[in-house]
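One file, entry23.txt, carrying compact mmCIF, C-alpha atoms:
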# COMPACT_ATOMS: atom_id res chain seq x y z
CA MET A 1 -28.62 6.47 -27.89
CA ASP A 2 -26.36 9.34 -28.88
CA PRO A 3 -27.84 10.94 -32.03
CA ARG A 4 -24.48 10.71 -33.76
CA GLU A 5 -24.25 6.97 -33.19
CA GLU A 6 -27.85 6.46 -34.18
CA PHE A 7 -27.30 8.44 -37.37
CA LEU A 8 -24.08 6.67 -38.26
CA SER A 9 -25.47 3.20 -37.64
CA SER A 10 -28.49 4.02 -39.81
CA THR A 11 -26.66 5.63 -42.70
CA MET A 12 -23.12 4.34 -43.04
CA GLY A 13 -24.30 1.26 -44.91
CA ALA A 14 -25.23 3.57 -47.77
CA MET A 15 -21.85 5.27 -47.99
CA ASP A 16 -20.66 3.43 -51.09
CA LEU A 17 -23.93 4.32 -52.77
CA VAL A 18 -23.51 8.01 -51.93
CA TYR A 19 -19.90 7.88 -53.08
CA ASN A 20 -20.89 6.46 -56.44
CA ILE A 21 -23.55 9.12 -56.94
CA ALA A 22 -21.12 11.85 -55.92
CA ARG A 23 -18.57 10.39 -58.31
CA ARG A 24 -20.93 11.11 -61.22
CA MET A 25 -21.63 14.63 -60.01
CA VAL A 26 -18.08 15.95 -59.64
CA PRO A 27 -15.08 14.74 -61.59
CA ARG A 28 -12.25 15.07 -59.08
CA VAL A 29 -11.83 12.43 -56.40
CA GLU A 30 -11.02 15.06 -53.76
CA ASP A 31 -14.23 16.94 -54.56
CA THR A 32 -16.13 13.67 -54.52
CA GLN A 33 -14.93 12.90 -51.01
CA ASP A 34 -15.83 16.41 -49.88
CA LEU A 35 -19.28 16.06 -51.43
CA VAL A 36 -19.88 12.72 -49.69
CA GLN A 37 -18.77 14.17 -46.39
CA ASP A 38 -20.87 17.29 -46.82
CA THR A 39 -23.83 15.08 -47.73
CA TYR A 40 -23.44 13.24 -44.44
CA LEU A 41 -23.05 16.49 -42.48
CA ALA A 42 -26.16 17.96 -44.11
CA ALA A 43 -28.05 14.72 -43.53
CA PHE A 44 -26.99 14.70 -39.90
CA ALA A 45 -28.12 18.31 -39.46
CA ALA A 46 -31.54 17.27 -40.79
CA TRP A 47 -31.52 14.08 -38.71
CA VAL A 48 -31.06 15.91 -35.41
CA LYS A 49 -33.97 18.16 -36.36
CA GLY A 50 -36.15 15.08 -36.51
CA ARG A 51 -36.16 14.39 -40.25
CA LYS A 52 -35.61 10.65 -40.26
CA PRO A 53 -36.54 8.93 -43.51
CA ASP A 54 -38.05 5.48 -43.96
CA ARG A 55 -35.29 4.58 -46.37
CA VAL A 56 -31.97 6.35 -46.07
CA GLU A 57 -30.64 5.57 -49.56
CA PRO A 58 -32.97 7.80 -51.62
CA TRP A 59 -32.86 10.42 -48.87
CA LEU A 60 -29.07 10.61 -48.95
CA ALA A 61 -29.12 10.53 -52.74
CA THR A 62 -31.45 13.54 -52.81
CA ILE A 63 -29.25 15.51 -50.41
CA CYS A 64 -26.17 14.62 -52.43
CA LEU A 65 -27.77 15.73 -55.71
CA ASN A 66 -29.01 18.98 -54.23
CA LEU A 67 -25.62 19.81 -52.73
CA ALA A 68 -23.85 18.99 -55.96
CA ARG A 69 -26.25 21.10 -57.99
CA SER A 70 -25.83 24.12 -55.75
CA ARG A 71 -22.07 23.91 -55.29
CA TYR A 72 -20.68 22.50 -58.47
CA ARG A 73 -23.10 23.82 -61.06
CA ARG A 74 -20.62 26.14 -62.70
CA GLU A 75 -17.95 23.48 -62.93
CA SER A 76 -20.28 20.79 -64.19
CA ARG A 77 -21.23 22.83 -67.26
CA GLY A 78 -17.74 22.36 -68.57
CA LEU A 79 -17.71 18.70 -67.82
CA GLN A 80 -19.80 17.62 -70.76
CA GLU A 81 -16.76 17.95 -72.95
CA VAL A 82 -14.66 15.30 -71.24
CA SER A 83 -12.91 13.38 -73.95
CA MET A 84 -12.95 9.64 -74.32
CA GLU A 85 -9.73 7.80 -73.77
CA LEU A 86 -9.49 4.09 -73.64
CA ALA A 87 -6.91 2.52 -71.43
CA ARG A 88 -5.46 -0.89 -72.07
CA GLY A 89 -7.11 -3.94 -70.62
CA VAL A 90 -6.84 -7.68 -70.95
CA ALA A 91 -9.77 -9.29 -72.72
CA ASP A 92 -11.19 -12.66 -71.87
CA PRO A 93 -11.62 -14.34 -75.27
CA SER A 94 -14.09 -16.90 -73.94
CA ASP A 95 -17.01 -14.48 -73.60
CA PRO A 96 -17.62 -11.70 -76.12
CA GLU A 97 -19.58 -9.57 -73.64
CA ARG A 98 -16.94 -9.91 -70.97
CA GLU A 99 -14.34 -9.27 -73.59
CA ALA A 100 -15.97 -5.98 -74.50
CA LEU A 101 -16.18 -4.88 -70.87
CA ALA A 102 -12.79 -6.19 -69.92
CA SER A 103 -11.19 -4.19 -72.66
CA LEU A 104 -12.53 -1.04 -71.06
CA ASP A 105 -10.95 -0.19 -67.79
CA ALA A 106 -12.52 1.79 -65.00
CA ALA A 107 -11.13 5.09 -66.26
CA ALA A 108 -12.66 4.58 -69.70
CA LEU A 109 -16.04 3.73 -68.20
CA ARG A 110 -15.89 6.76 -65.95
CA GLN A 111 -15.06 9.02 -68.84
CA ALA A 112 -17.80 7.54 -70.95
CA MET A 113 -20.24 8.35 -68.15
CA TRP A 114 -19.06 11.97 -68.27
CA ALA A 115 -19.66 12.08 -72.00
CA LEU A 116 -23.38 11.50 -71.39
CA ASP A 117 -25.98 14.21 -71.01
CA GLY A 118 -26.09 15.28 -67.34
CA GLY A 119 -29.62 14.05 -66.72
CA GLN A 120 -28.85 10.68 -68.29
CA ARG A 121 -25.68 10.32 -66.26
CA VAL A 122 -27.51 11.03 -63.01
CA ALA A 123 -30.30 8.59 -63.91
CA LEU A 124 -27.75 5.85 -64.59
CA ALA A 125 -25.86 6.69 -61.41
CA LEU A 126 -28.99 6.47 -59.29
CA VAL A 127 -30.54 3.37 -60.82
CA ASP A 128 -27.80 1.24 -62.38
CA ILE A 129 -24.92 2.13 -60.10
CA ALA A 130 -26.57 3.02 -56.80
CA GLY A 131 -29.49 0.59 -57.18
CA LEU A 132 -32.40 2.95 -56.51
CA SER A 133 -35.76 2.18 -58.08
CA THR A 134 -36.88 4.47 -60.89
CA SER A 135 -39.53 5.93 -58.55
CA GLU A 136 -36.90 6.74 -55.96
CA ALA A 137 -34.66 8.20 -58.64
CA ALA A 138 -37.53 10.37 -59.88
CA GLN A 139 -38.05 11.69 -56.37
CA ALA A 140 -34.34 12.39 -55.89
CA MET A 141 -34.07 14.14 -59.26
CA GLY A 142 -37.33 16.04 -58.84
CA THR A 143 -38.63 14.84 -62.19
CA PRO A 144 -41.55 12.65 -63.29
CA ARG A 145 -40.82 8.92 -63.40
CA GLY A 146 -41.44 8.89 -67.15
CA THR A 147 -38.59 11.37 -67.60
CA VAL A 148 -36.30 9.16 -65.55
CA LEU A 149 -37.23 6.13 -67.65
CA SER A 150 -36.50 8.05 -70.82
CA ARG A 151 -33.17 9.40 -69.55
CA LEU A 152 -32.25 6.01 -68.21
CA HIS A 153 -32.89 4.29 -71.49
CA ARG A 154 -31.17 6.93 -73.60
CA GLY A 155 -28.20 6.99 -71.24
CA ARG A 156 -27.86 3.20 -71.42
CA ARG A 157 -28.17 3.26 -75.17
CA SER A 158 -25.61 6.06 -75.53
CA LEU A 159 -23.20 4.30 -73.23
CA ALA A 160 -23.54 1.05 -75.16
CA ARG A 161 -23.00 2.79 -78.47
CA LEU A 162 -20.21 4.98 -77.20
CA LEU A 163 -18.22 2.20 -75.62
CA GLY A 164 -19.23 -0.32 -78.28
CA ASP A 165 -17.82 1.98 -80.95
CA GLN A 166 -14.64 2.48 -78.98
CA VAL A 167 -14.20 -1.25 -78.58
CA THR A 168 -14.78 -1.76 -82.28
CA GLU A 169 -12.26 0.93 -83.11
CA ARG A 170 -9.70 -0.69 -80.86
CA GLU A 171 -10.24 -4.07 -82.39
CA ALA A 172 -9.99 -2.75 -85.95
CA MET B 1 -50.82 -8.28 -78.82
CA ILE B 2 -49.28 -5.30 -77.16
CA GLY B 3 -51.13 -1.98 -76.96
CA ARG B 4 -50.02 1.38 -78.27
CA ARG B 5 -48.95 2.74 -74.87
CA SER B 6 -47.13 -0.51 -74.17
CA HIS B 7 -45.26 -0.06 -77.41
CA ASP B 8 -43.35 2.90 -76.07
CA SER B 9 -40.09 1.13 -76.73
CA GLU B 10 -37.96 3.43 -74.54
CA ARG B 11 -40.21 3.11 -71.54
CA ASN B 12 -40.63 -0.62 -71.97
CA ALA B 13 -36.94 -1.26 -72.47
CA ALA B 14 -36.08 0.86 -69.41
CA LEU B 15 -38.62 -0.92 -67.21
CA TYR B 16 -37.77 -4.37 -68.55
CA VAL B 17 -34.01 -4.03 -68.19
CA THR B 18 -34.37 -2.44 -64.73
CA GLY B 19 -36.56 -5.38 -63.67
CA GLU B 20 -39.51 -3.19 -62.73
CA MET B 21 -42.16 -4.72 -64.98
CA ARG B 22 -44.96 -6.57 -63.27
CA PRO B 23 -45.06 -10.28 -64.10
CA ALA B 24 -48.04 -10.09 -66.43
CA GLU B 25 -46.68 -7.05 -68.22
CA ARG B 26 -43.29 -8.71 -68.54
CA ARG B 27 -44.78 -11.84 -70.08
CA ARG B 28 -46.68 -9.75 -72.63
CA PHE B 29 -43.59 -7.72 -73.43
CA GLU B 30 -41.41 -10.79 -73.84
CA ALA B 31 -43.94 -12.25 -76.26
CA HIS B 32 -43.93 -8.94 -78.14
CA LEU B 33 -40.14 -8.78 -78.23
CA ILE B 34 -39.89 -11.87 -80.36
CA GLY B 35 -41.65 -10.19 -83.24
CA CYS B 36 -40.58 -6.54 -82.82
CA ASP B 37 -37.15 -5.64 -84.15
CA ASP B 38 -37.29 -2.12 -82.70
CA CYS B 39 -37.95 -3.26 -79.17
CA TRP B 40 -35.46 -6.12 -79.49
CA ARG B 41 -32.74 -3.69 -80.52
CA GLU B 42 -33.61 -1.20 -77.78
CA VAL B 43 -33.55 -3.89 -75.11
CA SER B 44 -30.24 -5.27 -76.36
CA LEU B 45 -28.62 -1.84 -76.24
CA ALA B 46 -30.14 -1.06 -72.86
CA ARG B 47 -28.86 -4.32 -71.40
CA GLU B 48 -25.39 -3.62 -72.69
CA GLY B 49 -25.48 -0.05 -71.40
CA ARG B 50 -26.70 -1.18 -67.98
CA ARG B 51 -23.89 -3.72 -67.73
CA MET B 52 -21.41 -1.01 -68.58
CA ALA B 53 -22.88 1.39 -66.05
CA GLU B 54 -22.77 -1.33 -63.39
CA ALA B 55 -19.15 -1.98 -64.25
CA ALA B 56 -18.41 1.69 -63.55
CA ARG B 57 -19.40 1.17 -59.89
CA GLU B 58 -16.55 2.04 -57.56
CA ILE B 59 -15.64 1.24 -54.01
CA ALA B 60 -15.22 4.31 -51.83
CA PRO B 61 -11.66 5.09 -50.73
CA PRO B 62 -10.78 3.15 -47.57
CA GLY B 63 -10.32 6.19 -45.34
CA LEU B 64 -13.57 7.92 -46.25
CA ARG B 65 -15.67 5.94 -43.78
CA ASP B 66 -13.39 6.93 -40.90
CA ASP B 67 -13.32 10.50 -42.13
CA ILE B 68 -17.11 10.72 -42.10
CA ARG B 69 -17.28 9.20 -38.62
CA ALA B 70 -14.74 11.77 -37.44
CA SER B 71 -16.72 14.62 -39.01
CA ILE B 72 -19.99 13.50 -37.49
CA SER B 73 -18.35 13.01 -34.11
CA VAL B 74 -17.63 16.74 -33.96
CA ALA B 75 -20.69 17.89 -35.91
CA ALA B 76 -22.81 20.43 -34.14
CA VAL B 77 -26.07 19.33 -32.58
CA PRO B 78 -28.01 22.62 -32.75
CA ARG B 79 -29.45 23.66 -29.44
CA ARG B 80 -29.82 27.17 -28.14
CA PHE B 81 -26.96 28.91 -29.89
CA PRO B 82 -27.58 31.42 -32.66
CA ARG B 83 -26.50 31.09 -36.29
CA ARG B 84 -24.68 27.96 -37.26
CA LEU B 85 -22.22 28.48 -34.46
CA VAL B 86 -22.18 25.83 -31.80
CA LEU B 87 -19.65 25.79 -29.07
CA LEU B 88 -18.73 22.40 -27.85
CA ALA B 89 -17.36 23.14 -24.43
CA ALA B 90 -15.64 20.79 -21.99
CA VAL B 91 -14.45 17.36 -23.10
CA ALA B 92 -11.88 19.41 -24.90
CA SER B 93 -9.22 16.78 -25.05
CA VAL B 94 -11.53 14.29 -26.71
CA LEU B 95 -12.84 16.87 -29.12
CA ALA B 96 -9.40 18.11 -29.95
CA VAL B 97 -8.45 14.67 -31.18
CA SER B 98 -11.68 14.35 -33.14
CA MET B 99 -11.32 17.83 -34.52
CA PHE B 100 -7.92 16.92 -35.84
CA SER B 101 -9.31 13.82 -37.49
CA ALA B 102 -12.10 15.75 -39.11
CA ALA B 103 -9.80 18.48 -40.26
CA GLU B 104 -7.45 15.96 -41.73
CA VAL B 105 -10.16 14.85 -44.12
CA ARG B 106 -10.13 18.03 -46.10
CA SER B 107 -6.60 19.16 -45.55
CA ARG B 108 -4.49 16.06 -45.52
CA GLN B 109 -1.40 17.93 -46.61
CA GLN B 110 -1.62 20.62 -43.95
CA PRO B 111 0.09 20.56 -40.56
CA PRO B 112 -2.51 19.46 -37.96
CA PRO B 113 -3.08 22.91 -36.35
CA ILE B 114 -3.62 24.47 -39.78
CA ALA B 115 -5.92 21.65 -40.79
CA ALA B 116 -7.92 22.06 -37.59
CA ALA B 117 -8.17 25.83 -38.12
CA LEU B 118 -9.35 25.25 -41.71
CA ALA B 119 -11.98 22.80 -40.53
CA ALA B 120 -13.23 25.34 -37.99
CA ALA B 121 -13.44 28.00 -40.69
CA ARG B 122 -15.26 25.71 -43.11
CA THR B 123 -17.86 24.62 -40.60
CA ASP B 124 -18.14 27.74 -38.40
CA THR B 125 -17.61 25.38 -35.51
CA LEU B 126 -15.08 25.60 -32.75
CA ALA B 127 -14.22 23.13 -30.03
CA ALA B 128 -14.02 25.70 -27.24
CA ARG B 129 -12.10 25.20 -24.03
CA GLY B 130 -13.27 28.39 -22.37
CA PRO B 131 -13.12 32.14 -22.72
CA SER B 132 -10.30 33.63 -24.74
CA GLU B 133 -7.16 34.63 -22.88
CA ARG B 134 -6.65 37.79 -24.89
CA PRO B 135 -9.34 40.44 -25.34
CA ALA B 136 -10.82 40.38 -28.81
CA PRO B 137 -9.23 42.90 -31.17
CA ASN B 138 -11.74 45.58 -32.08
CA LEU B 139 -12.06 45.48 -35.86
CA SER B 140 -15.20 47.59 -36.14
CA SER B 141 -13.17 50.20 -38.00
CA GLN B 142 -12.96 47.64 -40.79
CA GLY B 143 -16.69 46.98 -40.67
CA LEU B 144 -16.21 43.63 -38.89
CA GLN B 145 -18.37 42.73 -35.92
CA LEU B 146 -17.16 40.28 -33.30
CA VAL B 147 -19.31 37.16 -33.11
CA MET B 148 -17.40 35.20 -30.53
CA GLY B 149 -14.05 34.71 -28.89
CA GLU B 150 -12.98 31.41 -27.38
CA ARG B 151 -9.97 29.51 -26.19
CA VAL B 152 -9.44 26.58 -28.53
CA ASP B 153 -7.10 23.70 -29.03
CA LEU B 154 -5.90 23.42 -32.61
CA ALA B 155 -4.59 19.88 -32.58
CA GLY B 156 -2.23 20.64 -29.72
CA LEU B 157 -1.65 24.33 -30.40
CA THR B 158 -3.46 26.41 -27.79
CA SER B 159 -4.93 29.49 -29.37
CA ASP B 160 -7.56 32.18 -28.99
CA ALA B 161 -10.11 32.11 -31.77
CA PHE B 162 -12.17 35.15 -32.73
CA MET B 163 -14.93 35.05 -35.26
CA TYR B 164 -16.03 38.22 -37.02
CA ARG B 165 -18.75 38.86 -39.54
CA SER B 166 -18.88 41.43 -42.29
CA ALA B 167 -21.98 43.47 -43.05
CA ALA B 168 -22.70 40.95 -45.80
CA GLY B 169 -22.74 38.15 -43.21
CA GLU B 170 -19.49 36.52 -44.31
CA SER B 171 -17.36 35.14 -41.52
CA VAL B 172 -13.64 35.41 -40.96
CA LEU B 173 -11.66 33.65 -38.28
CA LEU B 174 -8.70 35.14 -36.44
CA PHE B 175 -6.49 32.86 -34.36
CA THR B 176 -3.86 34.27 -32.04
CA SER B 177 -1.36 32.32 -30.01
CA ARG B 178 1.67 32.65 -27.77
CA ASP B 179 3.31 30.05 -29.97
CA PRO B 180 4.07 30.39 -33.66
CA PHE B 181 1.69 28.73 -36.12
CA PRO B 182 3.20 26.09 -38.39
CA VAL B 183 3.66 27.05 -42.02
CA ALA B 184 0.89 25.83 -44.32
CA HIS B 185 1.62 23.57 -47.24
CA ASP B 186 2.51 25.53 -50.39
CA ALA B 187 2.66 28.81 -48.48
CA SER B 188 4.28 31.90 -49.99
CA PRO B 189 6.21 34.43 -47.90
CA LEU B 190 4.62 37.79 -47.24
CA ALA B 191 6.20 40.94 -48.63
CA ALA B 192 9.89 41.55 -48.01
CA GLY B 193 10.60 42.71 -44.49
CA VAL B 194 7.44 41.14 -43.07
CA ASN B 195 7.57 37.82 -41.28
CA GLY B 196 4.75 35.54 -42.25
CA TRP B 197 3.17 33.62 -45.07
CA THR B 198 0.01 33.35 -47.13
CA ALA B 199 -1.57 30.25 -48.62
CA LYS B 200 -4.70 28.94 -50.33
CA SER B 201 -6.28 25.73 -49.14
CA ASP B 202 -9.77 24.21 -49.23
CA GLY B 203 -11.10 27.27 -51.03
CA MET B 204 -9.87 29.47 -48.16
CA THR B 205 -7.24 32.19 -47.98
CA LEU B 206 -4.86 31.99 -45.03
CA VAL B 207 -2.47 34.66 -43.82
CA CYS B 208 -0.11 34.19 -40.91
CA GLY B 209 2.08 36.82 -39.29
CA ASP B 210 3.87 37.59 -36.05
CA ARG B 211 3.03 41.25 -35.47
CA PRO B 212 1.45 42.66 -33.41
CA MET B 213 1.08 39.06 -32.17
CA SER B 214 1.37 35.59 -33.61
CA TYR B 215 -1.81 35.35 -35.69
CA LEU B 216 -3.53 33.31 -38.37
CA VAL B 217 -6.47 34.67 -40.37
CA ILE B 218 -8.75 32.45 -42.48
CA ALA B 219 -11.69 33.35 -44.70
CA ARG B 220 -13.12 32.34 -48.04
CA ASP B 221 -12.76 35.91 -49.26
CA ALA B 222 -9.18 37.19 -49.44
CA TRP B 223 -10.52 40.72 -49.08
CA LEU B 224 -11.86 39.89 -45.60
CA VAL B 225 -8.48 38.47 -44.62
CA GLY B 226 -6.88 41.75 -45.69
CA LEU B 227 -9.41 43.71 -43.61
CA VAL B 228 -8.45 41.77 -40.50
CA GLU B 229 -4.76 42.30 -41.15
CA ARG B 230 -5.25 46.04 -41.59
CA GLY B 231 -7.43 46.12 -38.50
CA LEU B 232 -4.81 44.35 -36.40
CA ILE B 233 -2.13 46.81 -37.40
CA SER B 234 -4.31 49.85 -36.71
CA GLU B 235 -6.05 48.38 -33.63
CA PRO B 236 -4.95 50.61 -30.71
CA THR B 237 -4.91 47.98 -27.97
CA ALA B 238 -3.36 45.20 -29.97
CA SER B 239 0.12 44.59 -28.67
Mind turning this structure into structure tokens?
Amino acid sequence: MDPREEFLSSTMGAMDLVYNIARRMVPRVEDTQDLVQDTYLAAFAAWVKGRKPDRVEPWLATICLNLARSRYRRESRGLQEVSMELARGVADPSDPEREALASLDAAALRQAMWALDGGQRVALALVDIAGLSTSEAAQAMGTPRGTVLSRLHRGRRSLARLLGDQVTEREA
Amino acid sequence: MIGRRSHDSERNAALYVTGEMRPAERRRFEAHLIGCDDCWREVSLAREGRRMAEAAREIAPPGLRDDIRASISVAAVPRRFPRRLVLLAAVASVLAVSMFSAAEVRSRQQPPPIAAALAAARTDTLAARGPSERPAPNLSSQGLQLVMGERVDLAGLTSDAFMYRSAAGESVLLFTSRDPFPVAHDASPLAAGVNGWTAKSDGMTLVCGDRPMSYLVIARDAWLVGLVERGLISEPTAS
């Protein structure tokens, strides 16, 4: 089988996952698409050298994180200051939890993610959004699993408080 | 009763909400939750935060999958060639189409030949059709060493492509053609009295002119582009 076809058939199923990780690493959609594409090119370069992982998802996630760190480090420092803006949404009054989420549109959620500490945001992106296990996330981030668990919990808590406060403010 | 280590509320809440607790540990923790306000609060917040994070999940743009396929279809498979440069000879017509598709990914607003040239510059990869028609301009006076010269197809525009490297190892691409290059998106005219344009795209500087031949120069560093321009003007055999 042509190595390109073999690579694509093995990895394209994880593209949405890589996109979602990249989306939390760089703020602009155009940069996100470049990062995803560069991740695949770098992964392919490794693939043809014989580095074929057991599971492609954490492997691609690791490549994506490393590329983002090396290329977008300078930009990402300034990204902690992204302000929160809530867009309008239609709430479903039948379910308070759905109501809270429905009142926050995708842009508000995205911005709330950017308001988190970088390590927390990456932990949430890897585990809650991309669906990696905490062990896989620890490997991708190059940190102990305990650190990932801590960042994950603090990120979740911050997100809940941040968006919960915003919802409360809107309702007031 | 739950032990001291188990009462690390952050760790427990993270594991519990992620669904990574073993069954026995989960049962113990659930029993503990009923009587521990701290853990109950942490788990409630974590659940809410996880739901919010999950709701932030996005679907990749529809064209990205095709773009990646196009990029991989022209990606170099390293064999015996030095550096990152891989020449994909023959099958030029097929590659030219793929090259265009890959270039389009990063430079959607650019005319296809410009997009293809940008993609070549970004990846140090050229879809070569054979040796260059024109001898490579000698730019050693500018400290630039020729790496390669090839005949290429830039999405339908036949061109000679010459790659040079500076002493610092940075590469710059010079394209020459019998036909004029299309004008890049958002290009600015060169100085008065000089035909040509300059533009920035994909983190690259582009300069296009028509003397001493129709040329297009692309590099990340604008200084390198200027070196090539000066070299072309002073190059004795360039005509």
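Nearest residue to Phe162 in chain B among B:Pro182, B:Pro212, B:Gly196, B:Pro131 is B:Pro131, counting all atoms listed in the file.
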Original post:
For the atom pair CA of Ile218 in chain B and CA of Asn195 in chain B, what is the interatomic distance in Å to one decimal place?
Top reply: 17.2 Å
Range 135-151 of chain B surroundings by only C-alpha atoms, 8 Å radius, close-in-sequence under 6 positions cut, as a PDB file with C-alpha atoms, in the coordinates of the input:
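Output file selection.pdb is given in full below:
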ATOM      1  CA  ALA B 128     -14.020  25.700 -27.240  1.00  0.00           C
ATOM      2  CA  ARG B 129     -12.100  25.200 -24.030  1.00  0.00           C
ATOM      3  CA  THR B 158      -3.460  26.410 -27.790  1.00  0.00           C
ATOM      4  CA  SER B 159      -4.930  29.490 -29.370  1.00  0.00           C
ATOM      5  CA  ASP B 160      -7.560  32.180 -28.990  1.00  0.00           C
ATOM      6  CA  ALA B 161     -10.110  32.110 -31.770  1.00  0.00           C
ATOM      7  CA  PHE B 162     -12.170  35.150 -32.730  1.00  0.00           C
ATOM      8  CA  MET B 163     -14.930  35.050 -35.260  1.00  0.00           C
ATOM      9  CA  TYR B 164     -16.030  38.220 -37.020  1.00  0.00           C
ATOM     10  CA  ARG B 165     -18.750  38.860 -39.540  1.00  0.00           C
ATOM     11  CA  SER B 166     -18.880  41.430 -42.290  1.00  0.00           C
ATOM     12  CA  ALA B 167     -21.980  43.470 -43.050  1.00  0.00           C
ATOM     13  CA  LEU B 227      -9.410  43.710 -43.610  1.00  0.00           C
ATOM     14  CA  VAL B 228      -8.450  41.770 -40.500  1.00  0.00           C
ATOM     15  CA  ARG B 230      -5.250  46.040 -41.590  1.00  0.00           C
ATOM     16  CA  GLY B 231      -7.430  46.120 -38.500  1.00  0.00           C
ATOM     17  CA  LEU B 232      -4.810  44.350 -36.400  1.00  0.00           C
ATOM     18  CA  GLU B 235      -6.050  48.380 -33.630  1.00  0.00           C
ATOM     19  CA  THR B 237      -4.910  47.980 -27.970  1.00  0.00           C
ATOM     20  CA  ALA B 238      -3.360  45.200 -29.970  1.00  0.00           C
TER      21      ALA B 238
END
Under the rule of at most 9 Å, produce a per-residue listing of chain B near chain A: chain, number, name, the closest pair of atoms, and the distance in Å, as CSV, using all atoms listed in the file.
residue,atom,partner,partner_atom,distance
B:Glu10,CA,A:His153,CA,6.0
B:Arg11,CA,A:Leu149,CA,5.8
B:Asn12,CA,A:Leu149,CA,8.7
B:Ala13,CA,A:His153,CA,6.9
B:Ala14,CA,A:His153,CA,5.1
B:Leu15,CA,A:Leu149,CA,7.2
B:Thr18,CA,A:Asp128,CA,7.9
B:Glu20,CA,A:Ser133,CA,8.0
B:Glu42,CA,A:Arg157,CA,7.5
B:Val43,CA,A:Arg157,CA,8.9
B:Ser44,CA,A:Arg157,CA,8.9
B:Leu45,CA,A:Arg157,CA,5.2
B:Ala46,CA,A:Arg156,CA,5.0
B:Arg47,CA,A:Arg156,CA,7.6
B:Glu48,CA,A:Ala160,CA,5.6
B:Gly49,CA,A:Arg156,CA,4.0
B:Arg50,CA,A:Arg156,CA,5.7
B:Arg51,CA,A:Asp128,CA,8.3
B:Met52,CA,A:Leu101,CA,6.9
B:Ala53,CA,A:Asp128,CA,6.1
B:Glu54,CA,A:Ile129,CA,5.2
B:Ala55,CA,A:Leu109,CA,7.6
B:Ala56,CA,A:Leu109,CA,5.6
B:Arg57,CA,A:Ile129,CA,5.6
B:Glu58,CA,A:Asn20,CA,6.3
B:Ile59,CA,A:Asp16,CA,6.2
B:Ala60,CA,A:Asp16,CA,5.6
B:Pro61,CA,A:Gln33,CA,8.5
B:Leu64,CA,A:Gln33,CA,7.0
B:Arg65,CA,A:Met15,CA,7.5
B:Asp67,CA,A:Gln37,CA,7.8
B:Ile68,CA,A:Gln37,CA,5.7
B:Arg69,CA,A:Leu8,CA,7.3
B:Ser71,CA,A:Leu41,CA,7.5
B:Ile72,CA,A:Arg4,CA,6.5
B:Ser73,CA,A:Arg4,CA,6.6
B:Ala75,CA,A:Leu41,CA,7.1
B:Ala76,CA,A:Ala45,CA,7.8
B:Val77,CA,A:Val48,CA,6.7
B:Pro78,CA,A:Val48,CA,7.8
B:Val105,CA,A:Asp34,CA,8.2
B:Arg106,CA,A:Asp34,CA,7.0
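Pairwise distance (CA of Leu65 in chain A, CA of Gln139 in chain A) equals 11.1 Å.
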Subject >> Atom pair CA of Thr62 in chain A / CA of Arg122 in chain B: separation (Å) >> reply: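 Those two atoms sit 22.5 Å apart.
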Original post:
Which protein, DNA or RNA residues are at most 7 Å from (-28.0, 8.6, -48.6) in the file's coordinates when you count all atoms listed in the file, listed as a ChimeraX atom specification?
Top reply: /A:11,14,18,56-61
**OP:** Go through B:Pro111, B:Gly156, B:Pro189, B:Gly19 one by one, measure the shortest atom-to-atom distance of each to Ser201 in chain B using only C-alpha atoms, and give the residue with the smallest value.
**Re:**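 Smallest separation from Ser201 in chain B among the options: B:Pro111.
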Kindly list the centre and edge lengths in Å, rounded to one decimal, for the axis-aligned box that covers all listed atoms of range 228-234 of chain B plus 3 Å on each of its six sides, as JSON.
{"center_x": -5.3, "center_y": 45.8, "center_z": -39.0, "size_x": 12.3, "size_y": 14.1, "size_z": 11.2}
